[in-house]
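Below is structure_2.cif, holding mmCIF, C-alpha atoms.
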data_model
#
loop_
_atom_site.label_atom_id
_atom_site.label_comp_id
_atom_site.auth_asym_id
_atom_site.auth_seq_id
_atom_site.Cartn_x
_atom_site.Cartn_y
_atom_site.Cartn_z
CA SER Z 43 104.05 38.69 95.51
CA PRO Z 44 105.93 38.54 98.82
CA LEU Z 45 104.58 36.32 101.58
CA PRO Z 46 103.45 37.86 104.88
CA THR Z 47 105.98 37.79 107.69
CA TYR Z 48 103.48 36.24 110.14
CA GLN Z 49 100.76 33.77 109.38
CA PRO Z 50 97.23 34.88 110.38
CA SER Z 51 95.83 33.41 113.57
CA PRO Z 52 93.25 30.68 113.02
CA GLN Z 53 91.20 32.12 115.91
CA PRO Z 54 89.42 35.55 115.58
CA THR Z 55 89.95 38.19 118.26
CA PRO Z 56 87.27 37.40 120.90
CA LEU Z 57 86.38 40.96 122.06
CA PRO Z 58 86.98 44.53 120.89
CA THR Z 59 90.03 46.10 122.47
CA ALA Z 60 88.29 49.47 123.25
CA PRO Z 61 85.25 49.95 125.48
CA LEU Z 62 81.93 50.52 123.74
CA PRO Z 63 80.30 53.96 124.21
CA VAL Z 64 77.30 53.99 126.55
CA ALA Z 65 74.37 56.36 125.95
CA GLN Z 66 73.61 58.49 129.02
CA PRO Z 67 70.85 61.07 129.44
CA THR Z 68 71.70 64.70 130.27
CA PRO Z 69 72.32 64.78 134.03
CA LYS Z 70 70.41 68.04 134.63
CA PRO Z 71 68.05 69.11 131.83
CA SER Z 72 67.35 72.83 131.32
CA THR Z 73 64.07 74.21 132.62
CA GLN Z 74 63.93 76.77 129.77
CA PRO Z 75 62.37 75.75 126.47
CA ALA Z 76 64.39 76.13 123.29
CA PRO Z 77 63.85 79.49 121.53
CA LEU Z 78 61.18 79.59 118.86
CA PRO Z 79 62.22 80.15 115.25
CA SER Z 80 61.86 83.71 113.94
CA PRO Z 81 58.31 84.48 112.74
CA GLU Z 82 59.52 85.88 109.40
CA PRO Z 83 61.84 84.11 107.03
CA THR Z 84 64.99 85.93 105.93
CA PRO Z 85 63.96 88.34 103.15
CA LEU Z 86 65.17 87.75 99.62
CA PRO Z 87 67.91 90.07 98.35
CA SER Z 88 66.59 93.14 96.57
CA ALA Z 89 66.87 93.51 92.82
CA GLN Z 90 68.71 96.81 93.39
CA PRO Z 91 72.28 96.51 94.68
CA THR Z 92 73.30 98.26 97.86
CA LEU Z 93 74.88 101.53 96.85
CA GLU Z 94 78.47 102.08 97.92
CA PRO Z 95 79.07 105.83 97.59
CA CYS Z 96 82.87 105.47 97.66
CA ALA Z 97 83.08 102.69 95.09
CA TYR Z 98 85.48 103.67 92.33
CA LEU Z 99 87.28 102.67 89.19
CA PHE Z 100 91.04 103.12 89.30
CA LEU Z 101 92.74 105.55 86.88
CA ALA Z 102 96.36 105.10 85.84
CA CYS Z 103 98.70 107.67 84.30
CA SER Z 104 97.98 108.34 80.62
CA GLN Z 105 94.91 106.12 80.72
CA THR Z 106 91.98 106.78 78.39
CA VAL Z 107 88.60 105.68 79.74
CA VAL Z 108 85.68 105.19 77.41
CA GLY Z 109 82.36 104.37 79.01
CA ASN Z 110 79.15 105.87 80.24
CA ASN Z 111 77.15 106.38 83.38
CA ALA Z 112 74.13 104.31 82.31
CA ARG Z 113 72.63 102.37 85.23
CA THR Z 114 75.00 103.96 87.75
CA ALA Z 115 73.97 105.38 91.10
CA ASN Z 116 73.48 109.09 91.71
CA TYR Z 117 75.76 110.27 94.52
CA GLN Z 118 76.09 113.99 93.72
CA GLY Z 119 72.43 115.00 93.55
CA ASN Z 120 72.31 115.60 89.82
CA PRO Z 121 69.67 113.94 87.60
CA SER Z 122 72.09 111.41 86.07
CA GLY Z 123 74.27 108.71 87.58
CA ASP Z 124 77.86 109.26 88.70
CA VAL Z 125 81.04 107.31 88.14
CA ASN Z 126 83.85 107.76 90.67
CA TYR Z 127 87.45 107.39 89.54
CA LEU Z 128 90.41 107.29 91.90
CA PHE Z 129 93.81 108.55 90.79
CA LEU Z 130 96.92 108.18 92.99
CA ALA Z 131 99.71 110.68 92.34
CA TYR Z 132 103.13 109.75 93.68
CA GLU Z 133 104.85 112.90 92.41
CA THR Z 134 103.96 116.17 90.69
CA TYR Z 135 101.64 115.48 87.81
CA ARG Z 136 99.11 117.19 85.55
CA ILE Z 137 95.65 115.64 85.61
CA VAL Z 138 93.66 116.25 82.43
CA VAL Z 139 90.07 115.07 82.08
CA ASN Z 140 88.36 115.62 78.76
CA THR Z 141 84.94 114.35 77.69
CA CYS Z 142 85.04 116.09 74.27
CA GLY Z 143 84.50 113.73 71.39
CA PHE Z 144 83.01 111.12 73.73
CA SER Z 145 79.75 112.74 74.81
CA GLU Z 146 76.77 114.11 72.96
CA ILE Z 147 75.14 115.43 76.12
CA GLY Z 148 76.32 118.01 78.63
CA THR Z 149 78.80 116.62 81.13
CA VAL Z 150 79.94 117.79 84.53
CA VAL Z 151 83.36 116.78 85.87
CA ARG Z 152 84.72 117.56 89.33
CA LEU Z 153 88.03 116.80 91.03
CA TYR Z 154 87.89 116.05 94.77
CA SER Z 155 90.52 115.76 97.49
CA LYS Z 156 88.93 112.50 98.70
CA CYS Z 157 85.72 110.52 98.23
CA PRO Z 158 82.91 113.07 97.78
CA ALA Z 159 80.63 111.04 100.07
CA GLN Z 160 83.21 111.48 102.85
CA ASP Z 161 83.25 115.28 102.62
CA GLY Z 162 85.92 115.46 99.93
CA ALA Z 163 86.65 119.08 99.01
CA VAL Z 164 86.10 120.17 95.41
CA LEU Z 165 89.55 121.09 94.12
CA LEU Z 166 88.36 121.99 90.65
CA ALA Z 167 84.95 122.03 89.01
CA ASN Z 168 83.84 121.62 85.44
CA GLN Z 169 85.53 123.95 82.95
CA SER Z 170 83.15 123.27 80.10
CA ALA Z 171 81.65 126.70 79.37
CA ALA Z 172 83.79 127.07 76.23
CA PHE Z 173 83.48 123.40 75.27
CA THR Z 174 79.73 122.69 75.60
CA PRO Z 175 78.43 119.95 75.67
CA CYS Z 176 81.70 118.36 76.81
CA SER Z 177 83.96 119.04 79.79
CA VAL Z 178 87.65 119.79 80.11
CA LEU Z 179 89.41 119.82 83.46
CA THR Z 180 93.15 120.39 84.05
CA TYR Z 181 94.78 120.29 87.49
CA ASP Z 182 98.45 120.42 88.47
CA VAL Z 183 99.24 118.09 91.36
CA ARG Z 184 101.96 119.72 93.47
CA GLU Z 185 102.42 116.95 96.04
CA PRO Z 186 101.57 113.25 96.26
CA GLY Z 187 98.03 112.30 97.17
CA SER Z 188 94.81 110.67 96.10
CA PHE Z 189 92.36 112.45 93.85
CA TRP Z 190 88.79 111.57 92.95
CA VAL Z 191 87.37 112.41 89.52
CA VAL Z 192 83.58 112.35 89.36
#

What would you get if you wrote out this structure as structure tokens?
Amino acid sequence: SPLPTYQPSPQPTPLPTAPLPVAQPTPKPSTQPAPLPSPEPTPLPSAQPTLEPCAYLFLACSQTVVGNNARTANYQGNPSGDVNYLFLAYETYRIVVNTCGFSEIGTVVRLYSKCPAQDGAVLLANQSAAFTPCSVLTYDVREPGSFWVV
């Protein structure tokens, strides 16, 4: 191994080169006592999640969605839960929603101009009278926009 360039000094450094910190009391203490802790501890989170009425699943062109509305929140006032889907159309397009072959109970499908919880207008409601218990909905998009299927 290489040798050091300088030999160590036989004498240690006598004093530190920086001044030592000196403890000093607060020059003017406050006359107000510190605030007391809150009387109640922070509550535990609830077992039920906070409902977000505009939460959605994204739909893509030609996508088939298979699922159910078990354990979903009810946003539309019907007895069962609702699932919101958001579809973005960038050009003219035909939206087709069909629950036939996937449901054994009556279904209701609506198409909205925006999130239903934010006063979205119903563009088209369930067309299932001839298809009971399932629903069929067809809508021709004439200009780009966002559409909510519930």

Best match for closeness to Gly148 of chain Z among Z:Leu128, Z:Ser177, Z:Ala163, Z:Ser80, counting only C-alpha atoms: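 Closest candidate: Z:Ser177.
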
Counting all atoms listed in the file, the residue among Z:Tyr98, Z:Tyr117, Z:Trp190, Z:Tyr181 that lies closest to Tyr135 of chain Z is Z:Tyr181

To test your reading of the syntax: which residues would the PyMOL selection byres ((chain Z and resi 129-131) around 8) return for the file shown? Reply as a ChimeraX atom specification. /Z:100-102,127-128,132-135,183,185-191

Counting all atoms listed in the file, which residues sit no farther than 12 Å from the position (75.9, 106.8, 93.6) in the file's frame? I'd like them as a PyMOL selection string. chain Z and resi 91-98+111-126+157-159+192

Could you please determine the separation between atom CA of Val164 of chain Z and atom CA of Phe144 of chain Z in Å, to one decimal place? 23.7 Å

Take atom CA of Ala65 of chain Z and atom CA of Leu78 of chain Z and report the distance between them in Å, one decimal.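 Here the two named atoms are 27.6 Å from each other.
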
As an exercise, work out the distance from atom CA of Gly109 of chain Z to atom CA of Cys176 of chain Z in Å and give it to one decimal place. 14.2 Å

Determine, counting all atoms listed in the file, every residue of protein, DNA or RNA that lies within 12 Å of (93.7, 107.8, 78.2) in the file coordinates, then give the result as a ChimeraX atom specification. /Z:101-109,137-141

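Around Leu166 of chain Z, within 8 Å and counting all atoms listed in the file, the residues found are Arg152, Leu153, Tyr154, Leu179 and Tyr181 of chain Z, once anything fewer than 4 positions away on its own chain is removed.
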
For Ile147 of chain Z, which residue out of Z:Pro63, Z:Asn110, Z:Asp182, Z:Asp161 is the nearest one, using all atoms listed in the file? Z:Asn110
